[in-house]
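Undergrad: Following this message is one structure expressed as structure tokens.
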Amino acid sequence: MTRYKNFASAHWRKLIAGVAAGVLLTGCAMTPNGRGGVLMGLDTAELFGTPISTFRLRDGTEGTLRKDPQGKYSIKLSQAFRVVPLANAITARVARVENVGARTVVIVETQERGCAYRYEVLAFQGTDVLQWTVGNCKDRPRVDLAADGKSLNIDFPNYNRLSRMIYTDNRLLNASVAVPPGVDTRAQPFADDALRGTGPAIATTPGSDSGRVIPAPPAPAPAAAPKAASRASAKARRQDTPARAATPAAISLPAQRSAAPAPAAPMIFQAEEIKPVVIDLRK
């Protein structure tokens with residue numbers, strides 16, 4: 001009987017130890033301490049929090065945006081213990097996910113106190129993360145992936161120009177560019193929830209102050225031939241060369257206007273690199 005009790009006690013001790021180890025493995029997280037190190041603690045968002053959304057990385061693993069019981073947001077990858085904190089966010093959502101080069105770029109829209117629109121740009125490659133914080137607090141940006149998939153433009157309106165963040169080759173560049181055709185910097189909202197342009201495209205003319213095209217008035221109809229023509233003149237016209245009489249349009253039509261030159265590509269001035277926060281989720 002005593003041997004059976006000892007066996008049962010040992011079994012329950014092992015079971016409790018296994019459950020505790022599972023809780024530690026799934027419920028622990030490491031977060032940056034702001035001084036180059038990390039803090040080890042209980043991952044309350046994993047154990048008691050709410051998952052907001054998930055996204056898939058290029059390598060097939062998943063990341064999750066979570067909210068803990070205290071209202072703090074963070075991102076955790078399925079294969080990592082360390083988390084990416086969104087320290088100042090009072091709301092957060094994943095707005096855009098794009099594969100750019102070797103990394104998956106995730107743009108998280110957040111709201112902070114006194115700032116309606118703030119954006120975390122996160123570039124994931126395995127457990128290596130580059131993080132930037134951008135935004136003007138009042139506009140959603142328009143985000144466009146290059147046709148070759150190697151760069152990503154993040155455009156904010158800036159009066160009669162665009163403030164453009166360019167992600168490429170693990171870097172984020174900041175530049176001021178001319179407004180390209182079809183973009184109205186005064187559009188409200190400037191972009192929708194998916195960070196794509198809103199409203200119909202608006203044609204523009206290079207050098208136009210307003211950025212809008214005023215259509216030219218219709219061409220006037222050709223004047224009618226005089227009604228009081230003499231019989232002699234009419235007879236002379238009938239006896240004119242048949243080739244000329246057969247092709248009046250070739251004589252009367254004005255010369256065709258040459259095609260308007262294509263607008264020049266937006267010029268980029270003084271691109272400046274924004275340094276990222278580098279996070280290694282293995283440590």
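To be explicit about the labels: the chains of the structure tokens are called A, B, and onward in the order shown, and within each one the residues are counted from 1, while ligands get numbers from 1 in the order they are shown.
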Please provide as a VMD selection string all residues within 9 Å of Tyr167 (chain A), with the sequence filter that same-chain residues fewer than 2 positions apart are discarded (counting only C-alpha atoms).
TA: chain A and resid 100 105 150 to 154 165 169 to 173
Undergrad: Selected residues, C-alpha atoms, written as a PDB file, in the first residue's frame, please.
TA:
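To be explicit, this is the file written out as again.pdb:
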ATOM      1  CA  VAL A 100      10.084  42.594 -50.211  1.00  0.00           C
ATOM      2  CA  VAL A 105       7.606  43.755 -44.277  1.00  0.00           C
ATOM      3  CA  LYS A 150      12.478  44.694 -54.320  1.00  0.00           C
ATOM      4  CA  SER A 151      11.290  47.981 -52.817  1.00  0.00           C
ATOM      5  CA  LEU A 152       8.294  49.444 -51.052  1.00  0.00           C
ATOM      6  CA  ASN A 153       7.175  53.097 -51.156  1.00  0.00           C
ATOM      7  CA  ILE A 154       5.376  54.568 -48.147  1.00  0.00           C
ATOM      8  CA  MET A 165       9.782  56.367 -47.094  1.00  0.00           C
ATOM      9  CA  ASP A 169      17.840  46.265 -49.205  1.00  0.00           C
ATOM     10  CA  ASN A 170      17.182  46.210 -45.430  1.00  0.00           C
ATOM     11  CA  ARG A 171      17.175  50.015 -45.292  1.00  0.00           C
ATOM     12  CA  LEU A 172      14.511  52.683 -44.938  1.00  0.00           C
ATOM     13  CA  LEU A 173      15.202  55.923 -46.802  1.00  0.00           C
TER      14      LEU A 173
END
Undergrad: Residues near Tyr119 (chain A), anyone? I mean within 6 Å using only C-alpha atoms, not counting same-chain ones fewer than 5 positions away, as an MDAnalysis selection string.
TA: chainID A and resid 108:110 133:135
Undergrad: May I have the residues within 12 Å of Thr61 (chain A) as a PDB file with N, CA and C atoms, in the first residue's frame, using only C-alpha atoms and disregarding those fewer than 5 positions away in the same chain?
TA:
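Writing done, so here's around.pdb:
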ATOM      1  N   THR A  54      -3.141  37.454 -37.114  1.00  0.00           N
ATOM      2  CA  THR A  54      -1.914  36.729 -37.438  1.00  0.00           C
ATOM      3  C   THR A  54      -1.505  37.055 -38.865  1.00  0.00           C
ATOM      4  N   PHE A  55      -0.237  36.870 -39.150  1.00  0.00           N
ATOM      5  CA  PHE A  55       0.288  37.067 -40.499  1.00  0.00           C
ATOM      6  C   PHE A  55       1.340  36.004 -40.752  1.00  0.00           C
ATOM      7  N   ARG A  56       1.557  35.697 -42.021  1.00  0.00           N
ATOM      8  CA  ARG A  56       2.504  34.643 -42.392  1.00  0.00           C
ATOM      9  C   ARG A  56       3.752  35.266 -43.005  1.00  0.00           C
ATOM     10  N   LYS A  76       4.561  38.515 -31.531  1.00  0.00           N
ATOM     11  CA  LYS A  76       5.375  37.348 -31.214  1.00  0.00           C
ATOM     12  C   LYS A  76       5.344  36.377 -32.385  1.00  0.00           C
ATOM     13  N   LEU A  77       6.528  35.853 -32.741  1.00  0.00           N
ATOM     14  CA  LEU A  77       6.614  34.846 -33.789  1.00  0.00           C
ATOM     15  C   LEU A  77       6.411  33.464 -33.179  1.00  0.00           C
ATOM     16  N   SER A  78       5.885  32.554 -34.004  1.00  0.00           N
ATOM     17  CA  SER A  78       5.572  31.226 -33.493  1.00  0.00           C
ATOM     18  C   SER A  78       6.815  30.447 -33.096  1.00  0.00           C
ATOM     19  N   GLN A  79       7.976  30.786 -33.669  1.00  0.00           N
ATOM     20  CA  GLN A  79       9.205  30.041 -33.394  1.00  0.00           C
ATOM     21  C   GLN A  79      10.185  30.811 -32.508  1.00  0.00           C
ATOM     22  N   ALA A  80       9.710  31.826 -31.790  1.00  0.00           N
ATOM     23  CA  ALA A  80      10.626  32.641 -30.983  1.00  0.00           C
ATOM     24  C   ALA A  80      10.012  32.894 -29.611  1.00  0.00           C
ATOM     25  N   THR A 104       9.976  39.839 -45.022  1.00  0.00           N
ATOM     26  CA  THR A 104       8.551  40.145 -44.995  1.00  0.00           C
ATOM     27  C   THR A 104       8.375  41.445 -44.231  1.00  0.00           C
ATOM     28  N   PHE A 124      10.930  41.369 -41.248  1.00  0.00           N
ATOM     29  CA  PHE A 124      11.286  40.095 -40.637  1.00  0.00           C
ATOM     30  C   PHE A 124      12.066  39.234 -41.627  1.00  0.00           C
ATOM     31  N   GLN A 125      13.112  38.605 -41.128  1.00  0.00           N
ATOM     32  CA  GLN A 125      13.822  37.545 -41.851  1.00  0.00           C
ATOM     33  C   GLN A 125      14.210  36.499 -40.821  1.00  0.00           C
ATOM     34  N   GLY A 126      13.442  35.415 -40.762  1.00  0.00           N
ATOM     35  CA  GLY A 126      13.638  34.461 -39.681  1.00  0.00           C
ATOM     36  C   GLY A 126      13.309  35.121 -38.347  1.00  0.00           C
ATOM     37  N   THR A 127      14.257  35.054 -37.422  1.00  0.00           N
ATOM     38  CA  THR A 127      14.063  35.688 -36.115  1.00  0.00           C
ATOM     39  C   THR A 127      14.770  37.039 -36.025  1.00  0.00           C
TER      40      THR A 127
END
Undergrad: To one decimal place, how far is CA of Glu120 (chain A) from CA of Phe190 (chain A) in Å?
TA: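 Interatomic distance here is 18.3 Å.
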Undergrad: Please return, as an MDAnalysis selection string, all residues of region 27-192 of chain A that DSSP assigns to strand (DSSP E or B) on the basis of the backbone.
TA: chainID A and resid 28:32 38:42 50:56 62:67 73:77 82:86 91:100 103:112 115:125 128:134 142:145 151:158 161:168 171:178 182 191
Undergrad: With a distance cut-off of 10 Å and only C-alpha atoms, select the neighbouring residues of Tyr159 (chain A), excluding the residue or stretch itself and same-chain residues fewer than 6 positions from it, and output the selection as a PyMOL selection string.
TA: chain A and resi 179+185-186
Undergrad: Rounded to one decimal, what separation in Å do you get between CA of Asn88 (chain A) and CA of Gly197 (chain A)?
TA: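 Computed distance, CA of Asn88 (chain A) to CA of Gly197 (chain A), equals 27.2 Å.
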